[in-house]
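Dropping start-v8.cif in here (mmCIF, C-alpha atoms):
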```cif
data_upload
#
loop_
_atom_site.label_atom_id
_atom_site.label_comp_id
_atom_site.auth_asym_id
_atom_site.auth_seq_id
_atom_site.Cartn_x
_atom_site.Cartn_y
_atom_site.Cartn_z
CA MET A 845 -14.59 118.20 8.63
CA ASN A 846 -14.99 121.30 6.42
CA ASN A 847 -11.81 121.94 4.44
CA GLN A 848 -13.24 124.89 2.54
CA PRO A 849 -11.19 128.09 3.02
CA THR A 850 -12.75 130.80 5.12
CA PRO A 851 -13.45 134.28 3.64
CA ASN A 852 -10.39 135.65 5.47
CA GLN A 853 -8.21 132.89 4.06
CA LYS A 854 -9.53 133.65 0.57
CA ARG A 855 -8.70 137.33 0.98
CA MET A 856 -5.21 136.51 2.27
CA SER A 857 -4.65 134.13 -0.65
CA LYS A 858 -5.78 136.81 -3.10
CA ALA A 859 -3.51 139.40 -1.47
CA LYS A 860 -0.53 137.04 -1.67
CA GLU A 861 -1.28 136.38 -5.35
CA TRP A 862 -1.34 140.12 -6.10
CA MET A 863 1.86 140.71 -4.12
CA LYS A 864 3.59 137.98 -6.10
CA LEU A 865 2.37 139.37 -9.42
CA PHE A 866 3.40 142.93 -8.54
CA SER A 867 6.80 141.82 -7.28
CA VAL A 868 7.49 139.85 -10.47
CA ALA A 869 6.05 142.36 -12.90
CA GLY A 870 7.21 145.35 -10.89
CA SER A 871 10.81 144.22 -10.64
CA GLY A 872 10.92 143.33 -14.32
CA GLN A 873 9.21 146.57 -15.33
CA THR A 874 11.57 148.55 -13.10
CA ILE A 875 14.59 147.00 -14.78
CA VAL A 876 13.11 147.62 -18.23
CA MET A 877 12.34 151.23 -17.34
CA ALA A 878 15.77 151.77 -15.79
CA VAL A 879 17.58 150.41 -18.84
CA SER A 880 15.34 152.39 -21.21
CA PHE A 881 15.92 155.48 -19.10
CA VAL A 882 19.70 155.05 -19.28
CA SER A 883 19.47 154.45 -23.04
CA GLY A 884 17.42 157.63 -23.43
CA LEU A 885 19.87 159.66 -21.37
CA LEU A 886 22.71 158.26 -23.45
CA VAL A 887 21.00 159.52 -26.60
CA VAL A 888 20.20 162.92 -25.02
CA ASN A 889 23.76 163.49 -23.84
CA LEU A 890 25.66 162.19 -26.85
CA LEU A 891 23.62 163.48 -29.77
CA PRO A 892 24.14 167.13 -30.74
CA LYS A 893 21.04 169.20 -30.00
CA ASP A 894 20.07 169.53 -33.67
CA GLN A 895 20.36 165.75 -34.14
CA TYR A 896 18.31 165.13 -31.00
CA ALA A 897 15.57 167.35 -32.44
CA LEU A 898 15.49 165.08 -35.53
CA TYR A 899 15.43 162.03 -33.28
CA THR A 900 12.47 163.47 -31.34
CA MET A 901 10.47 164.26 -34.48
CA ALA A 902 11.09 160.80 -35.92
CA ASN A 903 10.00 159.09 -32.70
CA THR A 904 6.89 161.27 -32.60
CA ILE A 905 5.88 160.19 -36.09
CA LEU A 906 6.77 156.58 -35.27
CA GLY A 907 4.24 156.69 -32.44
CA THR A 908 1.65 158.09 -34.86
CA MET A 909 2.37 155.33 -37.36
CA VAL A 910 1.96 152.61 -34.71
CA ILE A 911 -1.39 154.04 -33.59
CA LEU A 912 -2.67 154.27 -37.16
CA ALA A 913 -1.52 150.74 -37.96
CA ASP A 914 -3.24 149.38 -34.88
CA GLY A 915 -6.50 151.24 -35.31
CA GLY A 916 -8.17 149.16 -32.60
CA ILE A 917 -6.88 145.76 -33.76
CA SER A 918 -5.10 145.10 -30.46
CA ASN A 919 -8.27 145.99 -28.54
CA GLY A 920 -10.32 143.55 -30.60
CA VAL A 921 -7.68 140.85 -30.22
CA MET A 922 -7.49 141.37 -26.45
CA ALA A 923 -11.28 141.15 -26.10
CA LEU A 924 -11.44 137.91 -28.14
CA SER A 925 -8.38 136.46 -26.39
CA GLY A 926 -10.05 137.01 -23.02
CA ARG A 927 -12.99 134.88 -24.18
CA HIS A 928 -10.89 132.07 -25.70
CA HIS A 929 -7.79 132.05 -23.49
CA HIS A 930 -8.39 128.38 -22.51
CA ASP A 931 -8.49 127.13 -26.14
CA PRO A 932 -5.08 127.03 -27.95
CA GLN A 933 -6.65 126.56 -31.40
CA LYS A 934 -9.09 129.45 -31.11
CA LEU A 935 -6.48 131.63 -29.45
CA GLY A 936 -4.13 130.92 -32.36
CA GLN A 937 -6.85 131.86 -34.83
CA VAL A 938 -7.47 135.13 -32.99
CA ILE A 939 -3.77 136.10 -32.84
CA ASN A 940 -3.08 135.18 -36.48
CA THR A 941 -6.18 137.06 -37.62
CA GLY A 942 -4.90 140.14 -35.80
CA LEU A 943 -1.41 139.79 -37.29
CA ASP A 944 -2.86 139.44 -40.79
CA LEU A 945 -4.93 142.61 -40.37
CA ARG A 946 -1.96 144.48 -38.92
CA LYS A 947 0.13 143.93 -42.08
CA LYS A 948 -2.49 145.63 -44.24
CA PHE A 949 -2.99 148.51 -41.84
CA ALA A 950 0.77 148.99 -41.45
CA ILE A 951 1.28 149.67 -45.16
CA ALA A 952 -1.51 152.26 -45.18
CA SER A 953 -0.10 153.90 -42.06
CA LEU A 954 3.37 154.16 -43.60
CA LEU A 955 1.97 155.81 -46.72
CA ILE A 956 0.14 158.41 -44.62
CA ALA A 957 2.64 159.20 -41.87
CA GLY A 958 5.84 158.92 -43.91
CA PRO A 959 5.27 162.11 -45.94
CA ILE A 960 4.32 163.96 -42.73
CA LEU A 961 7.70 163.09 -41.21
CA VAL A 962 9.57 164.21 -44.33
CA PHE A 963 7.62 167.50 -44.29
CA MET A 964 8.37 168.15 -40.59
CA LEU A 965 12.06 167.41 -41.02
CA THR A 966 12.50 169.56 -44.15
CA LYS A 967 10.43 172.35 -42.51
CA ASN A 968 13.08 172.52 -39.78
CA GLY A 969 16.04 172.66 -42.17
CA THR A 970 16.84 168.98 -42.83
CA SER A 971 17.76 167.99 -46.39
CA VAL A 972 15.39 165.75 -48.36
CA ALA A 973 18.05 163.00 -48.56
CA MET A 974 18.59 162.98 -44.79
CA SER A 975 14.83 163.09 -44.18
CA LEU A 976 14.31 160.00 -46.35
CA LEU A 977 17.19 158.24 -44.59
CA ILE A 978 15.63 158.92 -41.19
CA LEU A 979 12.27 157.64 -42.46
CA ALA A 980 13.95 154.44 -43.69
CA THR A 981 15.61 153.81 -40.32
CA ILE A 982 12.33 153.82 -38.36
CA ILE A 983 10.58 151.31 -40.65
CA PRO A 984 12.14 148.17 -39.04
CA THR A 985 11.16 149.39 -35.56
CA PHE A 986 7.68 150.19 -36.84
CA PHE A 987 6.92 146.72 -38.23
CA THR A 988 8.54 144.77 -35.39
CA SER A 989 6.79 146.76 -32.66
CA LEU A 990 3.41 146.10 -34.29
CA SER A 991 3.92 142.32 -34.21
CA GLY A 992 5.34 142.46 -30.70
CA ASN A 993 2.28 144.22 -29.29
CA LEU A 994 -0.04 141.49 -30.53
CA LEU A 995 2.21 138.61 -29.49
CA GLU A 996 2.37 140.04 -25.96
CA THR A 997 -1.41 139.63 -25.72
CA VAL A 998 -0.99 135.92 -25.01
CA ALA A 999 1.28 136.43 -21.99
CA LYS A 1000 -0.96 139.19 -20.64
CA VAL A 1001 -4.24 137.34 -20.95
CA LYS A 1002 -2.69 134.14 -19.51
CA GLN A 1003 -0.90 136.23 -16.83
CA ASP A 1004 2.37 134.48 -17.71
CA ILE A 1005 4.30 137.57 -16.69
CA LEU A 1006 7.79 136.37 -15.77
CA PRO A 1007 8.91 135.19 -19.27
CA LEU A 1008 7.50 138.38 -20.83
CA GLN A 1009 9.39 140.58 -18.39
CA ARG A 1010 12.59 138.59 -18.91
CA VAL A 1011 12.43 139.07 -22.68
CA LYS A 1012 11.81 142.81 -22.29
CA VAL A 1013 14.81 143.14 -19.99
CA GLU A 1014 17.05 141.26 -22.43
CA ALA A 1015 15.86 143.35 -25.41
CA ASN A 1016 16.41 146.64 -23.60
CA LEU A 1017 19.85 145.59 -22.40
CA GLY A 1018 20.70 144.69 -26.01
CA ARG A 1019 19.59 148.14 -27.15
CA LEU A 1020 21.72 149.80 -24.47
CA VAL A 1021 24.79 147.79 -25.51
CA LEU A 1022 24.30 148.63 -29.20
CA LEU A 1023 23.84 152.32 -28.43
CA SER A 1024 26.96 152.31 -26.27
CA LEU A 1025 28.98 150.72 -29.08
CA PHE A 1026 27.85 152.87 -31.99
CA ILE A 1027 26.56 156.26 -30.85
CA PHE A 1028 29.96 157.29 -29.47
CA ILE A 1029 31.43 156.77 -32.92
CA ILE A 1030 28.53 157.92 -35.12
CA PRO A 1031 26.46 160.51 -33.18
CA TYR A 1032 23.62 160.84 -35.68
CA ALA A 1033 19.87 160.51 -35.23
CA TYR A 1034 19.45 157.82 -37.88
CA ILE A 1035 21.93 155.52 -36.09
CA ALA A 1036 20.05 155.79 -32.79
CA LEU A 1037 16.74 155.16 -34.60
CA LEU A 1038 18.01 152.14 -36.51
CA ILE A 1039 19.41 150.52 -33.37
CA SER A 1040 15.97 150.57 -31.73
CA GLY A 1041 14.52 148.03 -34.17
CA ILE A 1042 17.18 145.32 -33.81
CA PRO A 1043 16.43 144.22 -30.20
CA GLN A 1044 12.69 144.24 -31.00
CA MET A 1045 13.27 141.49 -33.60
CA TYR A 1046 14.87 139.32 -30.92
CA SER A 1047 12.05 140.17 -28.51
CA ASN A 1048 9.36 139.09 -30.98
CA TRP A 1049 11.08 135.76 -31.60
CA LYS A 1050 11.34 135.00 -27.87
CA ILE A 1051 7.79 136.13 -27.05
CA LYS A 1052 6.38 133.94 -29.81
CA ARG A 1053 8.36 130.93 -28.56
CA ASN A 1054 7.04 131.47 -25.03
CA ALA A 1055 3.48 131.82 -26.34
CA GLU A 1056 3.60 128.50 -28.21
CA LYS A 1057 2.70 126.58 -25.05
CA TYR A 1058 -0.67 128.37 -25.03
CA VAL A 1059 -1.27 129.06 -28.73
CA ASP A 1060 -1.40 126.98 -31.87
CA PHE A 1061 0.24 129.36 -34.35
CA GLN A 1062 -0.48 126.94 -37.21
CA GLU A 1063 -4.12 127.95 -37.15
CA ALA A 1064 -5.27 130.10 -40.06
CA PRO A 1065 -6.96 133.50 -39.69
CA GLN A 1066 -10.73 133.22 -39.46
CA GLN A 1067 -13.30 135.42 -41.13
CA GLU A 1068 -15.50 135.28 -38.04
CA TYR A 1069 -12.77 136.78 -35.87
CA ARG A 1070 -11.78 139.20 -38.61
CA ASN A 1071 -15.33 140.56 -38.62
CA SER A 1072 -15.37 140.84 -34.82
CA ILE A 1073 -12.05 142.69 -34.78
CA LEU A 1074 -13.09 144.98 -37.63
CA LYS A 1075 -16.24 145.94 -35.74
CA VAL A 1076 -13.99 147.27 -33.01
CA VAL A 1077 -11.68 148.87 -35.59
CA TYR A 1078 -14.54 150.70 -37.30
CA ARG A 1079 -15.41 152.30 -33.97
CA ILE A 1080 -11.83 153.05 -32.88
CA LEU A 1081 -9.95 153.82 -36.12
CA PRO A 1082 -11.45 157.27 -36.88
CA GLY A 1083 -10.71 158.38 -33.34
CA ALA A 1084 -7.29 156.70 -33.36
CA ALA A 1085 -6.38 158.44 -36.61
CA TYR A 1086 -7.36 161.77 -35.13
CA PHE A 1087 -5.83 161.21 -31.70
CA SER A 1088 -2.59 159.96 -33.24
CA ILE A 1089 -2.13 163.53 -34.40
CA SER A 1090 -3.70 165.36 -31.47
CA GLY A 1091 -1.76 163.25 -28.95
CA THR A 1092 1.51 164.67 -30.30
CA ILE A 1093 0.16 168.13 -31.04
CA ASN A 1094 2.93 169.69 -28.92
CA ILE A 1095 5.62 168.69 -31.39
CA TYR A 1096 3.58 169.75 -34.42
CA LEU A 1097 2.71 173.15 -32.97
CA ILE A 1098 6.27 173.91 -31.90
CA SER A 1099 7.70 172.86 -35.26
CA ILE A 1100 5.25 175.14 -37.09
CA PHE A 1101 4.84 178.19 -34.84
CA SER A 1102 8.04 178.44 -32.80
CA LYS A 1103 10.71 180.83 -34.08
CA ASP A 1104 13.37 178.34 -33.05
CA GLY A 1105 11.52 175.08 -33.63
CA SER A 1106 14.43 172.65 -33.52
CA THR A 1107 15.68 173.92 -30.13
CA ALA A 1108 12.20 173.84 -28.58
CA ILE A 1109 11.58 170.36 -30.00
CA ALA A 1110 14.87 169.14 -28.51
CA ASP A 1111 13.95 170.69 -25.13
CA LEU A 1112 10.52 169.02 -25.13
CA GLY A 1113 12.00 165.70 -26.22
CA ALA A 1114 14.58 165.84 -23.45
CA LEU A 1115 11.92 166.62 -20.81
CA ASP A 1116 9.86 163.71 -22.07
CA ARG A 1117 12.87 161.47 -21.44
CA LEU A 1118 12.63 162.29 -17.75
CA SER A 1119 8.91 161.49 -17.89
CA MET A 1120 9.74 157.98 -19.06
CA VAL A 1121 9.48 156.89 -15.42
CA LEU A 1122 5.72 156.89 -15.99
CA THR A 1123 6.10 153.98 -18.42
CA ILE A 1124 6.81 151.61 -15.56
CA PHE A 1125 3.40 152.36 -14.05
CA SER A 1126 1.58 152.26 -17.39
CA GLY A 1127 3.35 148.99 -18.15
CA LEU A 1128 2.24 147.50 -14.84
CA PHE A 1129 -1.29 148.75 -15.47
CA VAL A 1130 -1.55 147.22 -18.94
CA THR A 1131 0.12 143.97 -17.85
CA LEU A 1132 -1.65 143.33 -14.56
CA ILE A 1133 -4.71 145.49 -13.97
CA MET A 1134 -6.26 145.94 -17.42
CA PRO A 1135 -6.47 142.21 -18.34
CA ARG A 1136 -8.14 141.45 -15.01
CA TYR A 1137 -10.60 144.29 -15.51
CA VAL A 1138 -11.37 142.89 -18.98
CA ARG A 1139 -12.21 139.52 -17.43
CA LEU A 1140 -14.67 140.94 -14.85
CA PRO A 1141 -18.35 140.00 -15.36
CA ASP A 1142 -20.73 142.62 -16.77
CA GLU A 1143 -22.10 143.52 -13.34
CA LYS A 1144 -22.54 147.14 -12.37
CA GLY A 1145 -21.37 146.94 -8.77
CA ILE A 1146 -18.20 144.98 -9.44
CA LEU A 1147 -17.14 147.11 -12.41
CA PHE A 1148 -17.80 150.42 -10.65
CA ASN A 1149 -16.04 149.48 -7.40
CA ARG A 1150 -12.96 148.24 -9.26
CA PHE A 1151 -12.87 151.42 -11.34
CA LEU A 1152 -13.00 153.63 -8.24
CA GLN A 1153 -10.14 151.64 -6.68
CA ILE A 1154 -8.09 152.04 -9.86
CA LEU A 1155 -8.81 155.80 -10.04
CA VAL A 1156 -7.75 156.38 -6.42
CA TYR A 1157 -4.51 154.49 -7.11
CA LEU A 1158 -3.80 156.58 -10.23
CA PHE A 1159 -4.42 159.92 -8.47
CA GLY A 1160 -2.28 158.99 -5.48
CA LEU A 1161 0.54 157.84 -7.71
CA SER A 1162 0.40 161.03 -9.79
CA PHE A 1163 0.54 163.33 -6.75
CA PHE A 1164 3.58 161.46 -5.46
CA ILE A 1165 5.43 161.71 -8.79
CA ILE A 1166 4.66 165.43 -9.23
CA GLY A 1167 5.82 166.19 -5.68
CA PHE A 1168 9.05 164.30 -6.20
CA VAL A 1169 9.84 166.19 -9.42
CA TRP A 1170 9.05 169.54 -7.76
CA LEU A 1171 11.49 168.80 -4.92
CA PHE A 1172 14.36 167.45 -7.03
CA ASP A 1173 13.98 169.29 -10.37
CA LYS A 1174 17.55 170.66 -10.50
CA TYR A 1175 19.06 167.25 -9.85
CA LEU A 1176 16.85 165.64 -12.48
CA LEU A 1177 17.88 168.21 -15.10
CA MET A 1178 21.54 167.46 -14.42
CA LEU A 1179 20.90 164.04 -15.98
CA LEU A 1180 20.19 165.72 -19.33
CA GLY A 1181 23.53 167.50 -19.59
CA ASN A 1182 24.52 171.12 -20.14
CA ASN A 1183 22.29 171.60 -23.20
CA PHE A 1184 19.12 171.59 -21.10
CA LYS A 1185 19.87 173.77 -18.06
CA GLY A 1186 17.25 176.18 -16.70
CA LEU A 1187 14.18 174.09 -17.59
CA GLU A 1188 12.90 173.56 -14.02
CA PHE A 1189 9.47 175.11 -14.57
CA PRO A 1190 8.88 173.48 -17.99
CA LEU A 1191 9.88 170.16 -16.38
CA LEU A 1192 7.19 170.55 -13.69
CA LEU A 1193 4.56 171.48 -16.29
CA ASN A 1194 5.58 168.57 -18.44
CA ILE A 1195 5.32 165.99 -15.64
CA ILE A 1196 1.90 167.34 -14.58
CA GLY A 1197 0.60 167.02 -18.14
CA ASN A 1198 2.08 163.57 -18.58
CA CYS A 1199 0.67 162.30 -15.27
CA ILE A 1200 -2.81 163.47 -16.22
CA GLY A 1201 -2.32 161.98 -19.68
CA MET A 1202 -1.23 158.68 -18.10
CA MET A 1203 -4.43 158.56 -16.05
CA ALA A 1204 -6.59 159.41 -19.07
CA GLY A 1205 -4.83 156.79 -21.19
CA ASN A 1206 -5.19 154.07 -18.56
CA VAL A 1207 -8.90 154.77 -18.16
CA TYR A 1208 -9.18 154.63 -21.96
CA THR A 1209 -7.61 151.15 -22.02
CA LEU A 1210 -10.13 149.93 -19.45
CA PHE A 1211 -13.15 150.52 -21.65
CA THR A 1212 -11.65 149.95 -25.11
CA ASN A 1213 -10.36 146.52 -24.10
CA ARG A 1214 -13.88 145.61 -23.05
CA ALA A 1215 -14.89 146.59 -26.61
CA TRP A 1216 -16.62 149.75 -25.34
CA ASN A 1217 -15.79 152.67 -27.59
CA LEU A 1218 -16.66 156.34 -27.65
CA HIS A 1219 -18.37 157.15 -30.93
CA PRO A 1220 -16.02 159.15 -33.20
CA LEU A 1221 -18.82 161.60 -34.02
CA PHE A 1222 -18.69 162.60 -30.36
CA SER A 1223 -15.03 162.15 -29.41
CA ILE A 1224 -13.39 163.80 -32.43
CA PRO A 1225 -15.38 167.07 -32.44
CA LEU A 1226 -14.97 167.35 -28.67
CA SER A 1227 -11.21 166.82 -28.85
CA ALA A 1228 -10.88 169.20 -31.80
CA ALA A 1229 -12.83 171.86 -29.90
CA THR A 1230 -10.55 171.32 -26.88
CA ILE A 1231 -7.44 171.85 -29.02
CA VAL A 1232 -8.91 174.96 -30.65
CA VAL A 1233 -9.72 176.43 -27.23
CA GLY A 1234 -6.20 175.59 -26.06
CA VAL A 1235 -4.64 177.25 -29.10
CA ILE A 1236 -6.68 180.39 -28.45
CA ILE A 1237 -5.96 180.56 -24.71
CA PHE A 1238 -2.27 179.60 -24.54
CA PRO A 1239 0.81 181.06 -26.33
CA ILE A 1240 1.63 178.04 -28.50
CA GLY A 1241 4.75 179.62 -29.96
CA THR A 1242 6.58 179.00 -26.67
CA LEU A 1243 7.55 175.82 -24.85
CA THR A 1244 5.68 176.73 -21.63
CA GLY A 1245 2.57 177.74 -23.59
CA VAL A 1246 2.44 174.37 -25.33
CA LEU A 1247 2.94 172.58 -21.99
CA TYR A 1248 0.05 174.51 -20.42
CA MET A 1249 -2.11 173.53 -23.36
CA ASN A 1250 -1.10 169.88 -22.89
CA ILE A 1251 -2.28 169.98 -19.26
CA PHE A 1252 -5.59 171.46 -20.36
CA ILE A 1253 -6.16 168.86 -23.11
CA SER A 1254 -5.14 165.92 -20.88
CA SER A 1255 -7.50 167.09 -18.13
CA VAL A 1256 -10.43 167.22 -20.54
CA ASN A 1257 -9.55 163.74 -21.83
CA LEU A 1258 -9.46 162.35 -18.28
CA VAL A 1259 -12.89 163.77 -17.47
CA VAL A 1260 -14.41 162.53 -20.74
CA ASN A 1261 -12.91 159.03 -20.52
CA SER A 1262 -13.92 158.59 -16.88
CA SER A 1263 -17.44 159.86 -17.55
CA TYR A 1264 -17.88 157.48 -20.47
CA LEU A 1265 -16.65 154.47 -18.51
CA ILE A 1266 -19.03 155.28 -15.64
CA TYR A 1267 -21.87 155.65 -18.15
CA LYS A 1268 -21.10 152.23 -19.66
CA ILE A 1269 -20.88 150.63 -16.22
CA HIS A 1270 -24.24 151.99 -15.15
CA SER A 1271 -25.84 150.62 -18.32
CA LYS A 1272 -25.05 147.09 -17.08
CA LYS A 1273 -27.01 144.78 -14.77
CA ARG A 1274 -26.74 144.99 -11.02
#
```

As structure tokens:
Amino acid sequence: MNNQPTPNQKRMSKAKEWMKLFSVAGSGQTIVMAVSFVSGLLVVNLLPKDQYALYTMANTILGTMVILADGGISNGVMALSGRHHHDPQKLGQVINTGLDLRKKFAIASLLIAGPILVFMLTKNGTSVAMSLLILATIIPTFFTSLSGNLLETVAKVKQDILPLQRVKVEANLGRLVLLSLFIFIIPYAYIALLISGIPQMYSNWKIKRNAEKYVDFQEAPQQEYRNSILKVVYRILPGAAYFSISGTINIYLISIFSKDGSTAIADLGALDRLSMVLTIFSGLFVTLIMPRYVRLPDEKGILFNRFLQILVYLFGLSFFIIGFVWLFDKYLLMLLGNNFKGLEFPLLLNIIGNCIGMMAGNVYTLFTNRAWNLHPLFSIPLSAATIVVGVIIFPIGTLTGVLYMNIFISSVNLVVNSSYLIYKIHSKKR
């Protein structure tokens, strides 16, 4: 008697597996997003508008610092982890090699981005002493988030999703509790920034403990893996360094060209808080879809069909989100408080730009985590030309002008990233 499952049974089994993964990851990611969303609204509503502008600038530079410190290390580690995910010793060597490289890159990133933050803050009327204090408060979050990103690689590549989601929920709840306790009493940007790093320390400790069943963390970094990771870094770092600035060009342009920079920065930061809902979908993408795409064989048909399925999903999701915001814009703005009334149209522009940016970023993760990288000599001049064209076309001294430019830049990035991935797929075997 043949006990082999039929094709229909295999498809049903696969569908059930995906439903289970999405229910586990989706519920956890929804809770994480909801708690982060509430934490963000708490900060928006309780900080004075001038303090929230400082908070927004500091978080912008923090994102730049993290990108510079990564420089492609996480992509190299993910690619190697996918090859060695069944071997605890080799997986430990890969992770520890990535952590060792991250320390060196983090120091360089801090030396570059730190002065930029101080300049932006003082340019908008903050004292040098307060600017240095704000810089000091983001350093713990900076270092802990770098380690956390690499440690999460183990859970993602092993698809051990439930413990990872549980830790993220606990860390975000801890952040919400700390914000609730302190920001009522001390409504300053540096307090809100400092609080962000404390739960991340707990998160790193828990994630590492969960990963120990798959990884031998006693293994030493290996030169062989260092060289493999650095090959990826050499291709990604120039572009990452450039895109770390261009990706947050809105904040830089407003702070320099707007007549009332701090108010416009606060408005843009508040609108971005409402766009945080997109993080749940990006989180699901990076946790569930990207690792499975990384593990696909280098066969043209399989890679192309999966990419088309992913692209249809991303477009459908984006249209739904934009339509929802268009219908309920006034109610959404009520969540931000009285300081941000009358921003219905900027909110719509912002969500359109962020949805397109989400799609472009997710496509980017698909090919970079397969160690396919756009050459910086192509990507950087193209992106720079796109920004220059945007600056010429749109009135960058206004909030709506900057948001229009963001839509334009994100659209170009989506087309370029998708075109490159299709090109790489068609260079493979049938």

Q.
Residues within 7 Å of Asn940 in chain A, please, as a list in words. Count only C-alpha atoms; anything in the same chain fewer than 3 positions from it doesn't count.
A.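 Here the answer would be Gly936, Gln937, Leu943, Asp944, Ala1064 and Pro1065 of chain A.
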
Q: Could you tell me which of A:Lys1050, A:Met1202, A:Met909, A:Thr966 comes closest to Leu954 in chain A if we count only C-alpha atoms?
A: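 Of all the options, A:Met909 lies closest to Leu954 in chain A.
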
Q. By how many Å are CA of Asn889 in chain A and CA of Leu1247 in chain A apart?
A.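 Between CA of Asn889 in chain A and CA of Leu1247 in chain A the gap is 22.8 Å.
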
Q.
Need the shell around range 1218-1234 of chain A: protein/DNA/RNA residues with any atom at most 10 Å away, counting all atoms listed in the file. Skip same-chain ones fewer than 6 positions apart. Format as a PyMOL selection string?
A. chain A and resi 1078-1087+1090+1093+1208+1211-1212+1240+1245-1246+1248-1254+1256-1257+1260-1261+1264-1265

Output the selection as an mmCIF file, keeping the file's coordinate frame - C-alpha atoms for each residue.
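Wrote out23.cif, looks like this:
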```
data_model
loop_
_atom_site.group_PDB
_atom_site.id
_atom_site.type_symbol
_atom_site.label_atom_id
_atom_site.label_comp_id
_atom_site.auth_asym_id
_atom_site.auth_seq_id
_atom_site.Cartn_x
_atom_site.Cartn_y
_atom_site.Cartn_z
ATOM 1 C CA TYR A 1078 -14.540 150.700 -37.300
ATOM 2 C CA ARG A 1079 -15.410 152.300 -33.970
ATOM 3 C CA ILE A 1080 -11.830 153.050 -32.880
ATOM 4 C CA LEU A 1081 -9.950 153.820 -36.120
ATOM 5 C CA PRO A 1082 -11.450 157.270 -36.880
ATOM 6 C CA GLY A 1083 -10.710 158.380 -33.340
ATOM 7 C CA ALA A 1084 -7.290 156.700 -33.360
ATOM 8 C CA ALA A 1085 -6.380 158.440 -36.610
ATOM 9 C CA TYR A 1086 -7.360 161.770 -35.130
ATOM 10 C CA PHE A 1087 -5.830 161.210 -31.700
ATOM 11 C CA SER A 1090 -3.700 165.360 -31.470
ATOM 12 C CA ILE A 1093 0.160 168.130 -31.040
ATOM 13 C CA TYR A 1208 -9.180 154.630 -21.960
ATOM 14 C CA PHE A 1211 -13.150 150.520 -21.650
ATOM 15 C CA THR A 1212 -11.650 149.950 -25.110
ATOM 16 C CA ILE A 1240 1.630 178.040 -28.500
ATOM 17 C CA GLY A 1245 2.570 177.740 -23.590
ATOM 18 C CA VAL A 1246 2.440 174.370 -25.330
ATOM 19 C CA TYR A 1248 0.050 174.510 -20.420
ATOM 20 C CA MET A 1249 -2.110 173.530 -23.360
ATOM 21 C CA ASN A 1250 -1.100 169.880 -22.890
ATOM 22 C CA ILE A 1251 -2.280 169.980 -19.260
ATOM 23 C CA PHE A 1252 -5.590 171.460 -20.360
ATOM 24 C CA ILE A 1253 -6.160 168.860 -23.110
ATOM 25 C CA SER A 1254 -5.140 165.920 -20.880
ATOM 26 C CA VAL A 1256 -10.430 167.220 -20.540
ATOM 27 C CA ASN A 1257 -9.550 163.740 -21.830
ATOM 28 C CA VAL A 1260 -14.410 162.530 -20.740
ATOM 29 C CA ASN A 1261 -12.910 159.030 -20.520
ATOM 30 C CA TYR A 1264 -17.880 157.480 -20.470
ATOM 31 C CA LEU A 1265 -16.650 154.470 -18.510
#
```

Q | Selection dump of the PyMOL selection byres ((chain A and resi 1095-1097) around 8), as a list of chain:residue names | A | A:Met901, A:Thr904, A:Met964, A:Thr1092, A:Ile1093, A:Asn1094, A:Ile1098, A:Ser1099, A:Ile1100, A:Phe1101, A:Ser1102, A:Ile1109, A:Leu1112, A:Ile1240, A:Gly1241, A:Val1246

Kindly save the residues from that selection, with C-alpha atoms included, as a compact mmCIF listing (two decimals), in the frame of the given file.
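The result, written out as result03.txt:
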```
# COMPACT_ATOMS: atom_id res chain seq x y z
CA MET A 901 10.47 164.26 -34.48
CA THR A 904 6.89 161.27 -32.60
CA MET A 964 8.37 168.15 -40.59
CA THR A 1092 1.51 164.67 -30.30
CA ILE A 1093 0.16 168.13 -31.04
CA ASN A 1094 2.93 169.69 -28.92
CA ILE A 1098 6.27 173.91 -31.90
CA SER A 1099 7.70 172.86 -35.26
CA ILE A 1100 5.25 175.14 -37.09
CA PHE A 1101 4.84 178.19 -34.84
CA SER A 1102 8.04 178.44 -32.80
CA ILE A 1109 11.58 170.36 -30.00
CA LEU A 1112 10.52 169.02 -25.13
CA ILE A 1240 1.63 178.04 -28.50
CA GLY A 1241 4.75 179.62 -29.96
CA VAL A 1246 2.44 174.37 -25.33
```

Q) Separation of CA of Phe881 in chain A and CA of Leu1243 in chain A, in Å? A) 22.7 Å

Q | Shell of 9 Å around Pro1190 in chain A, only C-alpha atoms, local chain residues under 2 positions omitted, as a VMD selection string | A | chain A and resid 1112 1115 1186 to 1188 1192 to 1195 1243 to 1244 1247

Q | Distance of CA of Ala1033 in chain A from CA of Cys1199 in chain A, expressed in Å to one decimal place | A |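 Interatomic distance, CA of Cys1199 in chain A to CA of Ala1033 in chain A: 27.8 Å.
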